[in-house]
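As provided, start.txt (compact mmCIF, C-alpha atoms) reads as follows.
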# COMPACT_ATOMS: atom_id res chain seq x y z
CA MET I 659 17.14 2.04 28.87
CA SER I 660 13.76 3.76 29.33
CA ALA I 661 10.53 1.90 28.54
CA GLN I 662 9.88 4.24 25.64
CA TRP I 663 13.22 3.44 23.99
CA LYS I 664 12.73 -0.29 24.58
CA LYS I 665 9.40 -0.07 22.80
CA ARG I 666 10.93 1.78 19.87
CA LEU I 667 13.99 -0.45 19.53
CA PRO I 668 12.50 -3.02 17.09
CA GLY I 669 11.31 -0.23 14.79
CA LEU I 670 14.67 1.54 14.91
CA CYS I 671 16.51 -1.71 14.20
CA MET I 672 14.21 -2.43 11.25
CA LEU I 673 14.77 1.08 9.92
CA ALA I 674 18.54 0.65 10.20
CA VAL I 675 18.35 -2.71 8.41
CA GLY I 676 16.17 -1.17 5.70
CA ILE I 677 18.59 1.68 5.09
CA ALA I 678 21.54 -0.72 5.08
CA PHE I 679 19.78 -2.93 2.54
CA ILE I 680 19.02 0.06 0.32
CA CYS I 681 22.70 1.07 0.38
CA LEU I 682 23.78 -2.51 -0.39
CA GLY I 683 21.27 -2.69 -3.22
CA ILE I 684 22.57 0.53 -4.74
CA LEU I 685 26.15 -0.80 -4.50
CA ARG I 686 24.99 -3.89 -6.39
CA GLU I 687 23.34 -1.56 -8.95
CA GLU I 688 19.90 -3.10 -8.38
CA ASN I 689 18.43 0.39 -8.78
CA LEU I 690 19.49 0.22 -12.43
CA VAL I 691 17.49 -2.99 -12.87
CA VAL I 692 14.50 -1.17 -11.40
CA PHE I 693 15.10 1.80 -13.70
CA LYS I 694 15.42 -0.45 -16.77
CA LYS I 695 12.08 -2.07 -15.94
CA ALA I 696 10.26 1.10 -14.91
CA ALA I 697 11.43 3.23 -17.83
CA ALA I 698 9.95 0.87 -20.40
CA ILE I 699 6.27 0.03 -20.83
CA CYS I 700 5.62 -3.17 -18.92
CA LEU I 701 3.45 -5.08 -21.35
CA GLU I 702 2.63 -7.74 -18.75
CA CYS I 703 1.50 -5.09 -16.28
CA ILE I 704 -0.90 -3.43 -18.71
CA GLY I 705 -2.40 -6.73 -19.85
CA ILE I 706 -0.75 -7.15 -23.23
CA GLY I 707 1.55 -9.98 -22.09
CA MET S 906 -12.57 26.29 2.56
CA ILE S 907 -9.97 25.74 5.29
CA GLN S 908 -12.58 24.01 7.45
CA SER S 909 -13.46 21.74 4.54
CA ILE S 910 -9.81 20.88 3.97
CA LYS S 911 -9.33 20.16 7.71
CA LYS S 912 -12.43 17.96 7.73
CA HIS S 913 -11.25 15.96 4.74
CA LEU S 914 -7.50 16.23 5.37
CA ARG S 915 -6.77 12.59 4.61
CA LEU S 916 -8.56 12.83 1.27
CA TRP S 917 -6.61 15.93 0.34
CA ILE S 918 -3.33 14.20 1.24
CA GLN S 919 -4.34 11.17 -0.84
CA LEU S 920 -5.27 13.34 -3.83
CA GLY S 921 -2.20 15.51 -3.47
CA PHE S 922 0.26 12.63 -3.24
CA THR S 923 -1.36 10.77 -6.13
CA ALA S 924 -1.20 13.91 -8.29
CA LEU S 925 2.40 14.58 -7.26
CA SER S 926 3.65 11.05 -7.86
CA ASN S 927 1.79 10.75 -11.16
CA GLY S 928 2.41 14.27 -12.37
CA TYR S 929 3.82 13.53 -15.82
CA ILE S 930 0.81 14.96 -17.68
CA ALA S 931 2.54 14.72 -21.05
CA GLY S 932 2.42 10.94 -20.66
CA PHE S 933 -1.37 10.92 -20.61
CA ILE S 934 -1.53 13.26 -23.61
CA LYS S 935 1.04 11.43 -25.75
CA GLY S 936 0.27 7.88 -24.56
CA LYS S 937 3.84 7.35 -23.32
CA ILE S 938 5.49 6.82 -19.95
CA TYR S 939 8.02 8.94 -18.08
CA THR S 940 11.59 7.70 -18.53
CA GLY S 941 13.49 10.13 -16.31
CA PRO S 942 15.98 9.14 -13.55
CA SER S 943 13.37 9.27 -10.79
CA LYS S 944 11.98 6.04 -12.23
CA GLN S 945 14.65 4.17 -10.26
CA LEU S 946 13.06 5.37 -7.01
CA CYS S 947 10.27 3.32 -5.52
CA LEU S 948 7.01 5.01 -4.60
CA PRO S 949 5.52 3.81 -1.32
CA GLY S 950 2.07 2.75 -2.63
CA LEU S 951 0.82 0.40 -5.34
CA ASN S 952 1.54 2.76 -8.23
CA CYS S 953 2.16 0.98 -11.53
CA TYR S 954 5.30 2.24 -13.24
CA SER S 955 3.50 1.89 -16.55
CA CYS S 956 1.02 4.57 -15.57
CA PRO S 957 1.70 7.36 -18.11
CA GLY S 958 1.99 9.87 -15.29
CA ALA S 959 4.11 7.81 -12.88
CA LEU S 960 7.32 9.51 -11.82
CA GLY S 961 8.57 6.58 -9.75
CA ALA S 962 8.49 2.80 -9.65
CA CYS S 963 6.06 0.41 -8.04
CA PRO S 964 7.81 -1.47 -5.21
CA ILE S 965 5.95 -4.72 -5.88
CA GLY S 966 6.67 -4.57 -9.61
CA SER S 967 10.29 -3.64 -8.89
CA LEU S 968 10.66 -6.54 -6.45
CA GLN S 969 9.45 -8.99 -9.08
CA ALA S 970 11.68 -7.39 -11.71
CA VAL S 971 14.83 -7.86 -9.62
CA LEU S 972 13.88 -11.34 -8.37
CA GLY S 973 13.11 -12.38 -11.95
CA SER S 974 16.34 -11.00 -13.38
CA ARG S 975 19.22 -13.30 -14.29
CA ASP S 976 21.79 -11.46 -12.19
CA TYR S 977 20.03 -11.16 -8.81
CA LYS S 978 18.06 -13.58 -6.70
CA MET S 979 17.56 -11.16 -3.81
CA SER S 980 16.59 -7.52 -4.07
CA TYR S 981 18.28 -5.66 -1.21
CA TYR S 982 17.30 -2.32 -2.74
CA VAL S 983 13.55 -2.95 -2.91
CA VAL S 984 13.35 -5.10 0.23
CA GLY S 985 15.31 -2.41 2.08
CA PHE S 986 12.86 0.23 0.86
CA LEU S 987 9.88 -1.84 2.01
CA ILE S 988 11.45 -2.53 5.42
CA ALA S 989 12.41 1.14 5.90
CA VAL S 990 8.95 2.46 4.98
CA GLY S 991 7.27 -0.26 7.02
CA ALA S 992 9.49 0.48 10.00
CA LEU S 993 8.71 4.17 9.81
CA VAL S 994 4.97 4.23 9.24
CA GLY S 995 3.64 0.70 8.60
CA ARG S 996 0.31 0.66 6.77
CA LEU S 997 -0.11 4.44 7.03
CA VAL S 998 0.96 4.28 3.36
CA CYS S 999 -2.28 2.39 2.59
CA GLY S 1000 -4.40 4.95 4.38
CA PHE S 1001 -2.78 8.09 3.00
CA LEU S 1002 -0.43 7.50 0.04
CA CYS S 1003 -1.70 4.67 -2.14
CA PRO S 1004 -3.49 5.70 -5.37
CA PHE S 1005 -5.44 2.46 -5.63
CA GLY S 1006 -6.51 2.82 -2.01
CA LEU S 1007 -7.81 6.28 -2.93
CA VAL S 1008 -9.76 4.83 -5.86
CA GLN S 1009 -11.44 2.30 -3.56
CA ASP S 1010 -12.21 4.97 -0.94
CA LEU S 1011 -13.92 7.14 -3.56
CA LEU S 1012 -15.88 4.23 -5.02
CA HIS S 1013 -17.16 3.24 -1.59
CA LYS S 1014 -18.78 6.64 -1.25
CA ILE S 1015 -21.13 5.80 -4.16
CA PRO S 1016 -24.59 4.97 -2.79
CA PHE S 1017 -25.61 1.36 -3.35
CA PRO S 1018 -28.58 -0.68 -2.04
CA VAL S 1019 -26.26 -3.19 -0.33
CA LYS S 1020 -23.30 -2.02 1.71
CA ARG S 1021 -21.26 -4.34 3.89
CA LYS S 1022 -18.02 -3.97 5.77
CA ASN S 1023 -16.61 -7.36 4.79
CA LEU S 1024 -17.15 -10.02 2.18
CA PRO S 1025 -18.36 -13.53 3.12
CA GLY S 1026 -15.44 -15.62 4.35
CA ASP S 1027 -13.68 -12.50 5.59
CA LYS S 1028 -11.63 -14.23 8.31
CA VAL S 1029 -10.09 -16.71 5.87
CA LEU S 1030 -9.83 -14.28 2.96
CA ARG S 1031 -7.62 -11.96 5.07
CA TYR S 1032 -4.83 -14.53 4.73
CA LEU S 1033 -5.11 -14.61 0.94
CA LYS S 1034 -2.88 -11.54 0.52
CA TYR S 1035 -0.02 -13.35 2.28
CA VAL S 1036 -0.44 -16.33 -0.06
CA ILE S 1037 -0.41 -13.96 -3.05
CA LEU S 1038 2.71 -12.25 -1.69
CA VAL S 1039 4.63 -15.51 -1.24
CA VAL S 1040 3.44 -17.26 -4.42
CA PHE S 1041 2.94 -14.55 -7.04
CA VAL S 1042 5.40 -11.89 -5.91
CA ILE S 1043 8.28 -14.01 -4.62
CA TRP S 1044 8.18 -17.69 -5.56
CA LEU S 1045 6.96 -17.62 -9.16
CA PRO S 1046 9.24 -14.80 -10.43
CA LEU S 1047 12.18 -16.45 -8.66
CA PHE S 1048 11.72 -20.05 -9.76
CA VAL S 1049 9.58 -20.14 -12.89
CA VAL S 1050 12.06 -18.85 -15.44
CA ASN S 1051 12.54 -19.01 -19.19
CA VAL S 1052 15.48 -20.53 -21.08
CA VAL S 1053 17.71 -17.54 -20.34
CA GLY S 1054 16.90 -17.61 -16.63
CA GLN S 1055 14.48 -14.67 -16.52
CA GLY S 1056 11.27 -14.74 -14.54
CA SER S 1057 8.01 -12.88 -15.14
CA PRO S 1058 6.19 -10.43 -12.90
CA TRP S 1059 3.40 -12.87 -12.06
CA PHE S 1060 1.42 -10.60 -9.75
CA CYS S 1061 1.59 -7.67 -12.16
CA LYS S 1062 0.73 -9.86 -15.12
CA TRP S 1063 -2.18 -11.88 -13.73
CA ILE S 1064 -3.64 -9.96 -10.80
CA CYS S 1065 -2.72 -6.31 -10.25
CA PRO S 1066 -5.74 -4.08 -10.95
CA SER S 1067 -3.70 -0.92 -10.39
CA GLY S 1068 -1.66 -1.69 -13.50
CA THR S 1069 -4.80 -2.23 -15.54
CA LEU S 1070 -6.51 0.94 -14.32
CA LEU S 1071 -3.58 3.34 -14.14
CA GLY S 1072 -1.44 1.89 -16.94
CA GLY S 1073 -3.37 -0.42 -19.22
CA ILE S 1074 -6.46 1.66 -19.89
CA PRO S 1075 -4.72 5.02 -20.55
CA LEU S 1076 -1.95 3.48 -22.68
CA VAL S 1077 -4.17 1.18 -24.72
CA SER S 1078 -6.64 4.03 -25.27
CA ALA S 1079 -3.90 6.28 -26.67
CA ASN S 1080 -1.90 3.74 -28.70
CA PRO S 1081 -3.45 2.05 -31.77
CA GLY S 1082 -0.52 -0.39 -31.83
CA LEU S 1083 -1.36 -1.61 -28.34
CA GLN S 1084 -5.06 -1.81 -29.21
CA GLU S 1085 -4.24 -4.34 -31.93
CA SER S 1086 -2.30 -6.47 -29.43
CA ILE S 1087 -4.96 -6.97 -26.77
CA GLY S 1088 -6.11 -10.52 -26.18
CA PHE S 1089 -7.15 -12.90 -23.41
CA LEU S 1090 -4.81 -11.42 -20.79
CA PHE S 1091 -6.23 -7.92 -21.20
CA SER S 1092 -9.79 -9.25 -21.02
CA TRP S 1093 -8.96 -11.22 -17.86
CA LYS S 1094 -7.37 -8.19 -16.21
CA MET S 1095 -10.28 -5.95 -17.18
CA PHE S 1096 -12.70 -8.50 -15.70
CA LEU S 1097 -10.67 -8.63 -12.48
CA LEU S 1098 -10.49 -4.84 -12.33
CA PHE S 1099 -14.24 -4.54 -12.89
CA MET S 1100 -14.98 -7.04 -10.12
CA ILE S 1101 -12.68 -5.26 -7.65
CA LEU S 1102 -14.14 -1.85 -8.49
CA LEU S 1103 -17.69 -3.18 -8.14
CA LEU S 1104 -16.86 -4.87 -4.85
CA SER S 1105 -15.30 -1.59 -3.65
CA VAL S 1106 -18.69 0.08 -4.03
CA ILE S 1107 -20.32 -2.64 -1.93
CA SER S 1108 -17.57 -3.42 0.59
CA TYR S 1109 -14.78 -1.21 1.96
CA ARG S 1110 -11.38 -1.67 0.27
CA PRO S 1111 -11.71 -5.37 -0.67
CA PHE S 1112 -8.38 -5.28 -2.55
CA CYS S 1113 -6.53 -3.93 0.47
CA LYS S 1114 -8.17 -6.41 2.83
CA TYR S 1115 -7.81 -9.59 0.80
CA ILE S 1116 -5.39 -9.26 -2.13
CA CYS S 1117 -2.74 -6.54 -1.87
CA PRO S 1118 0.73 -8.02 -1.23
CA LEU S 1119 2.13 -4.55 -0.47
CA GLY S 1120 -0.42 -4.10 2.30
CA ALA S 1121 0.57 -7.55 3.55
CA ILE S 1122 4.21 -6.47 3.84
CA TYR S 1123 3.49 -3.12 5.50
CA GLY S 1124 0.93 -4.76 7.77
CA LEU S 1125 3.58 -7.13 9.14
CA CYS S 1126 5.53 -4.01 10.17
CA ASN S 1127 2.55 -2.37 11.94
CA PRO S 1128 3.24 -3.86 15.40
CA TRP S 1129 6.80 -2.44 15.39
CA SER S 1130 6.65 0.70 13.29
CA LEU S 1131 7.84 3.97 14.81
CA TYR S 1132 4.51 5.62 13.91
CA HIS S 1133 2.02 3.75 16.04
CA TYR S 1134 -1.32 3.84 17.79
CA GLU S 1135 -1.86 3.72 21.53
CA VAL S 1136 -4.98 3.38 23.60
CA ASP S 1137 -5.11 5.12 26.95
CA ALA S 1138 -6.43 2.36 29.21
CA SER S 1139 -7.48 4.90 31.84
CA LYS S 1140 -9.87 6.56 29.37
CA CYS S 1141 -11.03 3.54 27.33
CA THR S 1142 -14.36 2.04 28.46
CA GLY S 1143 -14.51 -0.73 25.83
CA CYS S 1144 -17.59 0.88 24.30
CA ASN S 1145 -16.70 -0.55 20.84
CA VAL S 1146 -17.40 2.72 19.00
CA CYS S 1147 -13.95 2.42 17.41
CA LYS S 1148 -14.74 -1.07 16.08
CA HIS S 1149 -18.10 -0.01 14.69
CA THR S 1150 -16.47 2.99 12.99
CA CYS S 1151 -13.46 1.07 11.67
CA GLN S 1152 -14.09 0.09 8.07
CA MET S 1153 -11.28 -2.48 8.27
CA ASP S 1154 -13.33 -4.01 11.14
CA ILE S 1155 -10.67 -3.88 13.86
CA ALA S 1156 -11.28 -3.56 17.58
CA ILE S 1157 -8.64 -0.85 17.95
CA TYR S 1158 -8.86 -0.80 21.74
CA GLN S 1159 -7.79 -4.47 21.74
CA LYS S 1160 -5.37 -4.41 18.79
CA PRO S 1161 -4.17 -0.82 18.26
CA ASN S 1162 -1.41 -1.87 15.85
CA SER S 1163 -3.17 -4.67 14.03
CA PRO S 1164 -1.62 -5.74 10.68
CA GLU S 1165 -5.03 -5.00 9.14
CA CYS S 1166 -5.07 -1.36 10.23
CA ILE S 1167 -4.52 1.15 7.41
CA ARG S 1168 -4.11 3.97 9.98
CA CYS S 1169 -6.80 6.17 8.49
CA GLY S 1170 -7.50 7.74 11.89
CA GLU S 1171 -11.29 7.42 11.79
CA CYS S 1172 -11.27 5.61 15.13
CA LYS S 1173 -9.49 8.53 16.79
CA LYS S 1174 -12.16 10.95 15.55
CA ALA S 1175 -14.97 8.64 16.63
CA CYS S 1176 -13.75 7.74 20.13
CA PRO S 1177 -16.04 9.57 22.58
CA HIS S 1178 -13.42 9.38 25.34
CA HIS S 1179 -10.42 10.54 23.23
CA ALA S 1180 -8.61 7.41 24.31
CA ILE S 1181 -6.90 6.69 21.01
CA ARG S 1182 -3.79 8.55 19.94
CA SER S 1183 -1.23 8.03 17.21
CA GLY S 1184 2.15 9.40 16.33
CA PHE S 1185 5.87 8.81 16.58
CA ALA S 1186 6.01 9.81 20.24
CA VAL S 1187 2.57 9.05 21.61
CA ARG S 1188 3.66 8.12 25.11
CA LYS S 1189 5.36 11.51 25.46
CA GLN S 1190 2.11 13.21 24.33
CA GLN S 1191 0.13 11.31 26.95
CA GLU S 1192 2.62 12.20 29.72
CA LYS S 1193 2.45 15.88 28.66
CA THR S 1194 -1.38 15.81 28.73
CA ALA S 1195 -1.38 14.07 32.13
CA ALA S 1196 1.04 16.70 33.49
CA GLN S 1197 -1.15 19.51 32.15
CA ASP S 1198 -4.26 17.89 33.68
CA GLN S 1199 -2.50 17.79 37.09
CA THR S 1200 -1.48 21.48 36.83
CA PHE S 1201 -5.05 22.56 36.15
File written out as structure tokens:
Amino acid sequence: MSAQWKKRLPGLCMLAVGIAFICLGILREENLVVFKKAAAICLECIGIG
Amino acid sequence: MIQSIKKHLRLWIQLGFTALSNGYIAGFIKGKIYTGPSKQLCLPGLNCYSCPGALGACPIGSLQAVLGSRDYKMSYYVVGFLIAVGALVGRLVCGFLCPFGLVQDLLHKIPFPVKRKNLPGDKVLRYLKYVILVVFVIWLPLFVVNVVGQGSPWFCKWICPSGTLLGGIPLVSANPGLQESIGFLFSWKMFLLFMILLLSVISYRPFCKYICPLGAIYGLCNPWSLYHYEVDASKCTGCNVCKHTCQMDIAIYQKPNSPECIRCGECKKACPHHAIRSGFAVRKQQEKTAAQDQTF
């Protein structure tokens, strides 16, 4: 394996893990939890509580 | 015009991305937020999802929302997004795509009698963002729950100035109902926002340096991200021009992929020996340049 690929390997592995986690999260419907939170005014975020 | 855009390319990218990701103008006019399907997608920077214009979700807010929910104690979706973005570009997001980073950059341009790179206690304060990440973003939403098992977004509620500036002020200004509900929490967040904005005039990006948990996460990815910086040792003379230029106060020639680096590129422009390069395939660029030098 060339030196360049060895240097890039950790980043590529992290990217693969990240994409795998995103897919797993979508399967678990976590994106819907995010949507439910983001599509309503977050009173805590804006300082109302 | 083109020369001006080239000279200030990073600023134009920051402005463009902020406008694009917060483009729901009707929200600002009506005092409401966007509720379309893109709200389930995380934006890369600290962009409050309660900003009237926001078309996506804040990753830090989303992380707290999932960790604090009854049904999940780990957010693969948001953590995966953070790892993927970090692995690709690291803290380049901070330098180019974060709206609150843009706000601090613009404020720092305001002339002020006292200007300093860092605040007193800088070396210790740099670790504060990791404490905030672990305590306010992860631990408290996960373990401090109400009777039905739901946690609160502690960082968003008690600290985040982006939510106050981009969400709180526009929404409270446009909604009489919200105006009647403001109390201690709003006053505390306004005070915190004011202090951070004032400090941004005096010191460069104090929120990014000392407080931002999102910067903390991306910074941890800097040493391994595919987009990276390299210093050509054959050209570098250790003159320290990069360190003097760097507003995050990093000796780039010693630590080219420091977790503190927001990858703004100012060091590359300043280096008199053109020893600093960045990209996804920097080593290949350097080999190409070396080959061209040999040919000529």
Report as a list in words all protein, DNA and RNA residues lying within 9 Å of Cys681 in chain I, evaluated on all atoms listed in the file, omitting residues in the same chain fewer than 5 positions from it. Gly676 and Arg686 of chain I; Tyr981, Tyr982 and Gly985 of chain S
Can you pull out the residues contacting Ile699 in chain I? Cut-off 9 Å, using only C-alpha atoms, and skip same-chain residues under 3 positions away; I want them as a PyMOL selection string. (chain I and resi 695-696+702-704) or (chain S and resi 937-938+954-956+1072)
Residue contacts of Val984 in chain S (10 Å, all atoms listed in the file) excluding same-chain residues fewer than 6 positions away, as a ChimeraX atom specification: /I:675-677,679-680,683 /S:964-965,967-968,990,1122
Listing only residues of chain S within 6 Å of chain I, what is the closest atom pair and its distance in Å (to one decimal) for each, using only C-alpha atoms, sorted by chain and residue number ascending, as CSV?
residue,atom,partner,partner_atom,distance
S:Thr940,CA,I:Ala697,CA,4.5
S:Lys944,CA,I:Phe693,CA,5.5
S:Gln945,CA,I:Phe693,CA,4.2
S:Tyr954,CA,I:Ala696,CA,5.4
S:Ser955,CA,I:Ile699,CA,5.4
S:Ala962,CA,I:Ala696,CA,5.8
S:Ser967,CA,I:Val692,CA,5.5
S:Tyr981,CA,I:Gly683,CA,4.7
S:Tyr982,CA,I:Gly683,CA,4.0
S:Gly985,CA,I:Gly676,CA,3.9
S:Ile988,CA,I:Gly676,CA,4.9
S:Ala989,CA,I:Gly676,CA,4.4
S:Ala992,CA,I:Gly669,CA,5.2
S:Cys1061,CA,I:Cys703,CA,4.9
S:Lys1062,CA,I:Glu702,CA,4.6
S:Gly1068,CA,I:Cys703,CA,5.4
S:Thr1069,CA,I:Ile704,CA,5.2
S:Gly1072,CA,I:Ile704,CA,5.6
S:Gly1073,CA,I:Ile704,CA,3.9
S:Ile1087,CA,I:Ile706,CA,5.5
S:Leu1090,CA,I:Gly705,CA,5.4
S:Phe1091,CA,I:Gly705,CA,4.2
S:Trp1129,CA,I:Gly669,CA,5.1
S:Ser1130,CA,I:Gly669,CA,5.0
S:Leu1131,CA,I:Gly669,CA,5.4
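The shell of residues at most 12 Å from Lys1160 in chain S, with all atoms listed in the file counted and near chain neighbours (fewer than 6 positions) removed, consists of S:Asn1127, S:Pro1128, S:His1133, S:Tyr1134, S:Glu1135, S:Val1136, S:Cys1147, S:Lys1148, S:Asp1154, S:Cys1166, S:Ile1181.
Atom to atom, CA of Leu948 in chain S and CA of Phe1060 in chain S stand 17.4 Å apart.
Across S:Leu1047, S:Leu1071, S:Ile1116, S:Cys1176, the tightest approach to Asp976 in chain S is made by S:Leu1047 when counting all atoms listed in the file.
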Near Phe1041 in chain S, counting all atoms listed in the file, which residues have an atom at most 6 Å away, once you skip same-chain residues fewer than 2 positions from it, shown as a ChimeraX atom specification? /S:1037-1038,1043,1045,1059-1060
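Proximity ranking of S:Ile1157, S:Glu1171, S:Glu1165, S:Phe1017 relative to Tyr1035 in chain S places S:Glu1165 first, based on all atoms listed in the file.
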If I only have part of range 968-986 of chain S, can you fill in N, CA, C and O atoms and write it as an mmCIF file, keeping the file's coordinate frame?
data_model
loop_
_atom_site.group_PDB
_atom_site.id
_atom_site.type_symbol
_atom_site.label_atom_id
_atom_site.label_comp_id
_atom_site.auth_asym_id
_atom_site.auth_seq_id
_atom_site.Cartn_x
_atom_site.Cartn_y
_atom_site.Cartn_z
ATOM 1 N N LEU S 968 10.196 -5.331 -7.161
ATOM 2 C CA LEU S 968 10.660 -6.540 -6.450
ATOM 3 C C LEU S 968 10.633 -7.733 -7.392
ATOM 4 O O LEU S 968 11.607 -8.492 -7.479
ATOM 5 N N GLN S 969 9.540 -7.876 -8.129
ATOM 6 C CA GLN S 969 9.450 -8.990 -9.080
ATOM 7 C C GLN S 969 10.477 -8.853 -10.197
ATOM 8 O O GLN S 969 11.052 -9.840 -10.659
ATOM 9 N N ALA S 970 10.723 -7.617 -10.623
ATOM 10 C CA ALA S 970 11.680 -7.390 -11.710
ATOM 11 C C ALA S 970 13.092 -7.829 -11.286
ATOM 12 O O ALA S 970 13.807 -8.485 -12.053
ATOM 13 N N VAL S 971 13.474 -7.491 -10.064
ATOM 14 C CA VAL S 971 14.830 -7.860 -9.620
ATOM 15 C C VAL S 971 14.908 -9.354 -9.325
ATOM 16 O O VAL S 971 15.869 -10.021 -9.698
ATOM 17 N N LEU S 972 13.866 -9.900 -8.669
ATOM 18 C CA LEU S 972 13.880 -11.340 -8.370
ATOM 19 C C LEU S 972 13.883 -12.158 -9.653
ATOM 20 O O LEU S 972 14.458 -13.242 -9.718
ATOM 21 N N GLY S 973 13.204 -11.647 -10.687
ATOM 22 C CA GLY S 973 13.110 -12.380 -11.950
ATOM 23 C C GLY S 973 14.296 -12.137 -12.870
ATOM 24 O O GLY S 973 14.388 -12.756 -13.921
ATOM 25 N N SER S 974 15.208 -11.262 -12.486
ATOM 26 C CA SER S 974 16.340 -11.000 -13.380
ATOM 27 C C SER S 974 17.361 -12.125 -13.270
ATOM 28 O O SER S 974 17.389 -12.864 -12.286
ATOM 29 N N ARG S 975 18.236 -12.208 -14.282
ATOM 30 C CA ARG S 975 19.220 -13.300 -14.290
ATOM 31 C C ARG S 975 20.314 -13.075 -13.253
ATOM 32 O O ARG S 975 20.897 -14.000 -12.732
ATOM 33 N N ASP S 976 20.597 -11.790 -12.974
ATOM 34 C CA ASP S 976 21.790 -11.460 -12.190
ATOM 35 C C ASP S 976 21.548 -11.419 -10.681
ATOM 36 O O ASP S 976 22.495 -11.454 -9.911
ATOM 37 N N TYR S 977 20.297 -11.307 -10.249
ATOM 38 C CA TYR S 977 20.030 -11.160 -8.810
ATOM 39 C C TYR S 977 18.944 -12.137 -8.383
ATOM 40 O O TYR S 977 17.951 -12.303 -9.080
ATOM 41 N N LYS S 978 19.123 -12.753 -7.246
ATOM 42 C CA LYS S 978 18.060 -13.580 -6.700
ATOM 43 C C LYS S 978 17.560 -13.025 -5.374
ATOM 44 O O LYS S 978 16.777 -13.664 -4.675
ATOM 45 N N MET S 979 18.051 -11.859 -5.003
ATOM 46 C CA MET S 979 17.560 -11.160 -3.810
ATOM 47 C C MET S 979 17.655 -9.675 -4.122
ATOM 48 O O MET S 979 18.663 -9.215 -4.657
ATOM 49 N N SER S 980 16.567 -8.951 -3.794
ATOM 50 C CA SER S 980 16.590 -7.520 -4.070
ATOM 51 C C SER S 980 16.772 -6.735 -2.773
ATOM 52 O O SER S 980 15.810 -6.434 -2.084
ATOM 53 N N TYR S 981 18.019 -6.432 -2.431
ATOM 54 C CA TYR S 981 18.280 -5.660 -1.210
ATOM 55 C C TYR S 981 17.687 -4.256 -1.331
ATOM 56 O O TYR S 981 17.164 -3.708 -0.358
ATOM 57 N N TYR S 982 17.769 -3.689 -2.517
ATOM 58 C CA TYR S 982 17.300 -2.320 -2.740
ATOM 59 C C TYR S 982 15.803 -2.196 -2.448
ATOM 60 O O TYR S 982 15.379 -1.349 -1.664
ATOM 61 N N VAL S 983 15.000 -3.062 -3.077
ATOM 62 C CA VAL S 983 13.550 -2.950 -2.910
ATOM 63 C C VAL S 983 13.119 -3.450 -1.527
ATOM 64 O O VAL S 983 12.283 -2.825 -0.871
ATOM 65 N N VAL S 984 13.694 -4.571 -1.095
ATOM 66 C CA VAL S 984 13.350 -5.100 0.230
ATOM 67 C C VAL S 984 13.728 -4.082 1.310
ATOM 68 O O VAL S 984 12.972 -3.844 2.258
ATOM 69 N N GLY S 985 14.887 -3.450 1.139
ATOM 70 C CA GLY S 985 15.310 -2.410 2.080
ATOM 71 C C GLY S 985 14.334 -1.259 2.123
ATOM 72 O O GLY S 985 13.978 -0.746 3.194
ATOM 73 N N PHE S 986 13.849 -0.856 0.937
ATOM 74 C CA PHE S 986 12.860 0.230 0.860
ATOM 75 C C PHE S 986 11.589 -0.158 1.613
ATOM 76 O O PHE S 986 11.039 0.621 2.399
#
